[in-house]
$ cat final.txt   # compact mmCIF, C-alpha atoms
# COMPACT_ATOMS: atom_id res chain seq x y z
CA MET A 1 7.70 6.40 -23.82
CA VAL A 2 9.34 5.43 -20.52
CA ILE A 3 11.03 2.04 -20.19
CA LEU A 4 11.97 1.09 -16.66
CA THR A 5 13.21 -2.18 -15.28
CA ILE A 6 12.79 -3.21 -11.67
CA ASN A 7 16.16 -4.61 -10.62
CA LYS A 8 15.35 -5.59 -7.08
CA LEU A 9 12.26 -5.07 -5.00
CA PRO A 10 12.64 -4.45 -1.27
CA GLU A 11 12.72 -7.67 0.70
CA ALA A 12 9.31 -8.83 1.84
CA ASN A 13 8.22 -11.80 3.88
CA MET A 14 6.03 -13.74 1.46
CA GLU A 15 4.69 -15.95 4.25
CA THR A 16 2.65 -13.06 5.63
CA SER A 17 0.20 -10.98 3.65
CA LEU A 18 0.55 -7.29 2.95
CA ILE A 19 -2.22 -6.55 5.46
CA GLU A 20 -0.43 -8.54 8.16
CA SER A 21 2.83 -6.70 7.45
CA ILE A 22 1.12 -3.31 7.75
CA LYS A 23 -0.57 -4.35 11.00
CA ASP A 24 2.75 -5.58 12.41
CA ASN A 25 4.54 -2.34 11.50
CA PHE A 26 1.78 0.05 12.59
CA PHE A 27 3.13 0.84 16.03
CA LYS A 28 6.85 0.72 15.17
CA ASP A 29 8.16 4.29 15.42
CA PRO A 30 5.00 6.23 14.50
CA LYS A 31 5.39 9.94 13.81
CA CYS A 32 2.71 12.41 12.78
CA PRO A 33 3.66 14.32 9.63
CA LYS A 34 1.74 17.37 10.87
CA CYS A 35 2.57 17.78 14.58
CA HIS A 36 5.52 15.33 14.86
CA SER A 37 3.86 13.64 17.82
CA LYS A 38 4.92 10.05 18.46
CA LYS A 39 1.98 9.08 20.67
CA ILE A 40 -1.19 7.47 19.34
CA VAL A 41 -4.34 6.97 21.42
CA LYS A 42 -7.45 4.92 20.62
CA ALA A 43 -10.39 6.96 19.38
CA GLY A 44 -13.28 4.55 18.92
CA PHE A 45 -14.37 2.76 15.76
CA PHE A 46 -15.30 3.92 12.27
CA LYS A 47 -16.99 1.53 9.84
CA GLY A 48 -15.97 -1.41 12.01
CA LYS A 49 -12.28 -0.49 12.15
CA GLN A 50 -10.37 0.72 15.19
CA ARG A 51 -9.58 4.42 14.88
CA TYR A 52 -6.67 6.20 16.52
CA LYS A 53 -5.64 9.82 16.83
CA TRP A 54 -2.37 11.60 17.29
CA ASN A 55 -2.01 12.94 20.81
CA GLY A 56 -0.64 16.30 19.58
CA CYS A 57 -2.89 17.44 16.72
CA LYS A 58 -5.80 15.01 17.31
CA LYS A 59 -5.80 14.04 13.61
CA PRO A 60 -7.60 10.70 13.15
CA LEU A 61 -6.01 7.67 11.51
CA ASN A 62 -6.31 3.93 11.19
CA ILE A 63 -3.70 1.26 10.52
CA PHE A 64 -3.92 1.83 6.74
CA THR A 65 -3.54 5.64 6.82
CA GLU A 66 -0.69 6.75 4.54
CA THR A 67 0.01 3.21 3.34
CA ILE A 68 -0.39 1.70 -0.08
CA LEU A 69 -3.73 0.24 1.08
CA SER A 70 -5.29 3.56 2.11
CA TYR A 71 -8.58 4.22 0.31
CA SER A 72 -8.61 0.68 -1.09
CA HIS A 73 -11.92 -1.17 -1.06
CA TYR A 74 -10.34 -4.52 -1.95
CA LYS A 75 -7.53 -4.82 0.59
CA GLU A 76 -7.67 -8.60 0.55
CA LYS A 77 -6.90 -8.71 -3.21
CA TRP A 78 -3.61 -6.80 -3.09
CA ASP A 79 -1.46 -9.89 -2.44
CA ASP A 80 -2.94 -11.61 -5.48
CA PHE A 81 -2.42 -8.49 -7.59
CA ILE A 82 1.23 -8.27 -6.57
CA GLN A 83 1.60 -11.94 -7.52
CA THR A 84 0.10 -11.27 -10.97
CA MET A 85 2.60 -8.42 -11.41
CA GLU A 86 5.46 -10.75 -10.50
CA ASP A 87 4.09 -13.29 -13.00
CA LYS A 88 4.14 -10.47 -15.63
CA LYS A 89 0.46 -10.82 -16.45
CA SER A 90 -1.32 -7.98 -18.20
CA LEU A 91 -3.73 -5.76 -16.30
CA ARG A 92 -6.59 -7.19 -18.34
CA LYS A 93 -5.75 -10.78 -17.34
CA ALA A 94 -5.23 -9.73 -13.71
CA ALA A 95 -8.58 -7.91 -13.71
CA ILE A 96 -10.34 -11.04 -14.92
CA LYS A 97 -8.60 -13.20 -12.33
CA LEU A 98 -9.26 -10.79 -9.42
CA LYS A 99 -12.74 -9.75 -10.63
CA VAL A 100 -12.05 -6.02 -10.43
CA ASP A 101 -12.03 -3.31 -13.09
CA ASN A 102 -8.97 -2.57 -15.25
CA SER A 103 -8.91 1.03 -14.05
CA THR A 104 -8.64 -0.14 -10.43
CA LEU A 105 -5.59 -2.24 -11.22
CA PHE A 106 -4.09 0.59 -13.28
CA TYR A 107 -4.40 2.85 -10.23
CA TRP A 108 -2.95 0.15 -7.94
CA ARG A 109 0.02 -0.39 -10.26
CA HIS A 110 0.75 3.34 -10.18
CA LYS A 111 0.50 3.37 -6.39
CA ILE A 112 3.06 0.56 -6.25
CA MET A 113 5.42 2.23 -8.70
CA SER A 114 5.09 5.56 -6.90
CA THR A 115 5.88 3.91 -3.57
CA ILE A 116 8.90 2.12 -5.01
CA ASN A 117 10.11 5.37 -6.52
CA LYS A 118 9.76 7.21 -3.19
CA GLU A 119 11.44 4.46 -1.18
CA ASN A 120 14.46 3.79 -3.35
CA THR A 121 15.01 5.40 -6.71
CA SER A 122 18.11 3.26 -7.33
CA ILE A 123 16.03 0.14 -8.03
CA LEU A 124 14.68 1.64 -11.26
CA THR A 125 17.09 1.57 -14.19
CA GLY A 126 16.94 1.66 -17.94
CA PRO A 127 16.54 4.07 -20.82
CA ILE A 128 13.86 6.74 -20.71
CA GLU A 129 12.45 7.35 -24.15
$ encode --input "final.txt" --output "structure tokens"
Amino acid sequence: MVILTINKLPEANMETSLIESIKDNFFKDPKCPKCHSKKIVKAGFFKGKQRYKWNGCKKPLNIFTETILSYSHYKEKWDDFIQTMEDKKSLRKAAIKLKVDNSTLFYWRHKIMSTINKENTSILTGPIE
């Protein structure tokens, strides 16, 4: 059994949503993990969303690529889910409130914890049993 305590989450502007924050940060210092290109060009639309591609390797992306919201079908519900986590509600209660399946929220919680762990391992403390 692993017991971890979150001491301090990275500062976030609660006045803007997670989607707005990702959109605002999309063009700030982009760098392709494959070709290390820093230039992005527009590449049409896919399923109603603007697509881009790296100028070097031509790999396609959108504003949610390699973010916590990538592959999420309920992007608009993430802010409410984060609020239920801060309120220390169970996944079952959060699932009822957000009208999504428990397994979806389980996966989301693990995406959040994985991201926190990658960003700053010093915010997790406590005994590991």
$ closest_residue --input "final.txt" --among "A:Phe81, A:Tyr74, A:Trp108, A:Phe64" --to "A:Lys23" --atoms "all atoms listed in the file"
A:Phe64
$ atom_distance --input "final.txt" --atom1 "atom CA of A:Asp79" --atom2 "atom CA of A:Tyr52"
25.4 Å
$ closest_residue --input "final.txt" --among "A:Ser72, A:Asn102, A:Thr84, A:Thr65" --to "A:Cys32" --atoms "only C-alpha atoms"
A:Thr65
$ closest_residue --input "final.txt" --among "A:Arg109, A:Ser103, A:Gly56, A:Thr67" --to "A:Gln83" --atoms "only C-alpha atoms"
A:Arg109
$ closest_residue --input "final.txt" --among "A:Lys53, A:Lys34, A:Lys77, A:Lys39" --to "A:Leu98" --atoms "only C-alpha atoms"
A:Lys77
$ atom_distance --input "final.txt" --atom1 "atom CA of A:Asp101" --atom2 "atom CA of A:Ile116"
23.1 Å
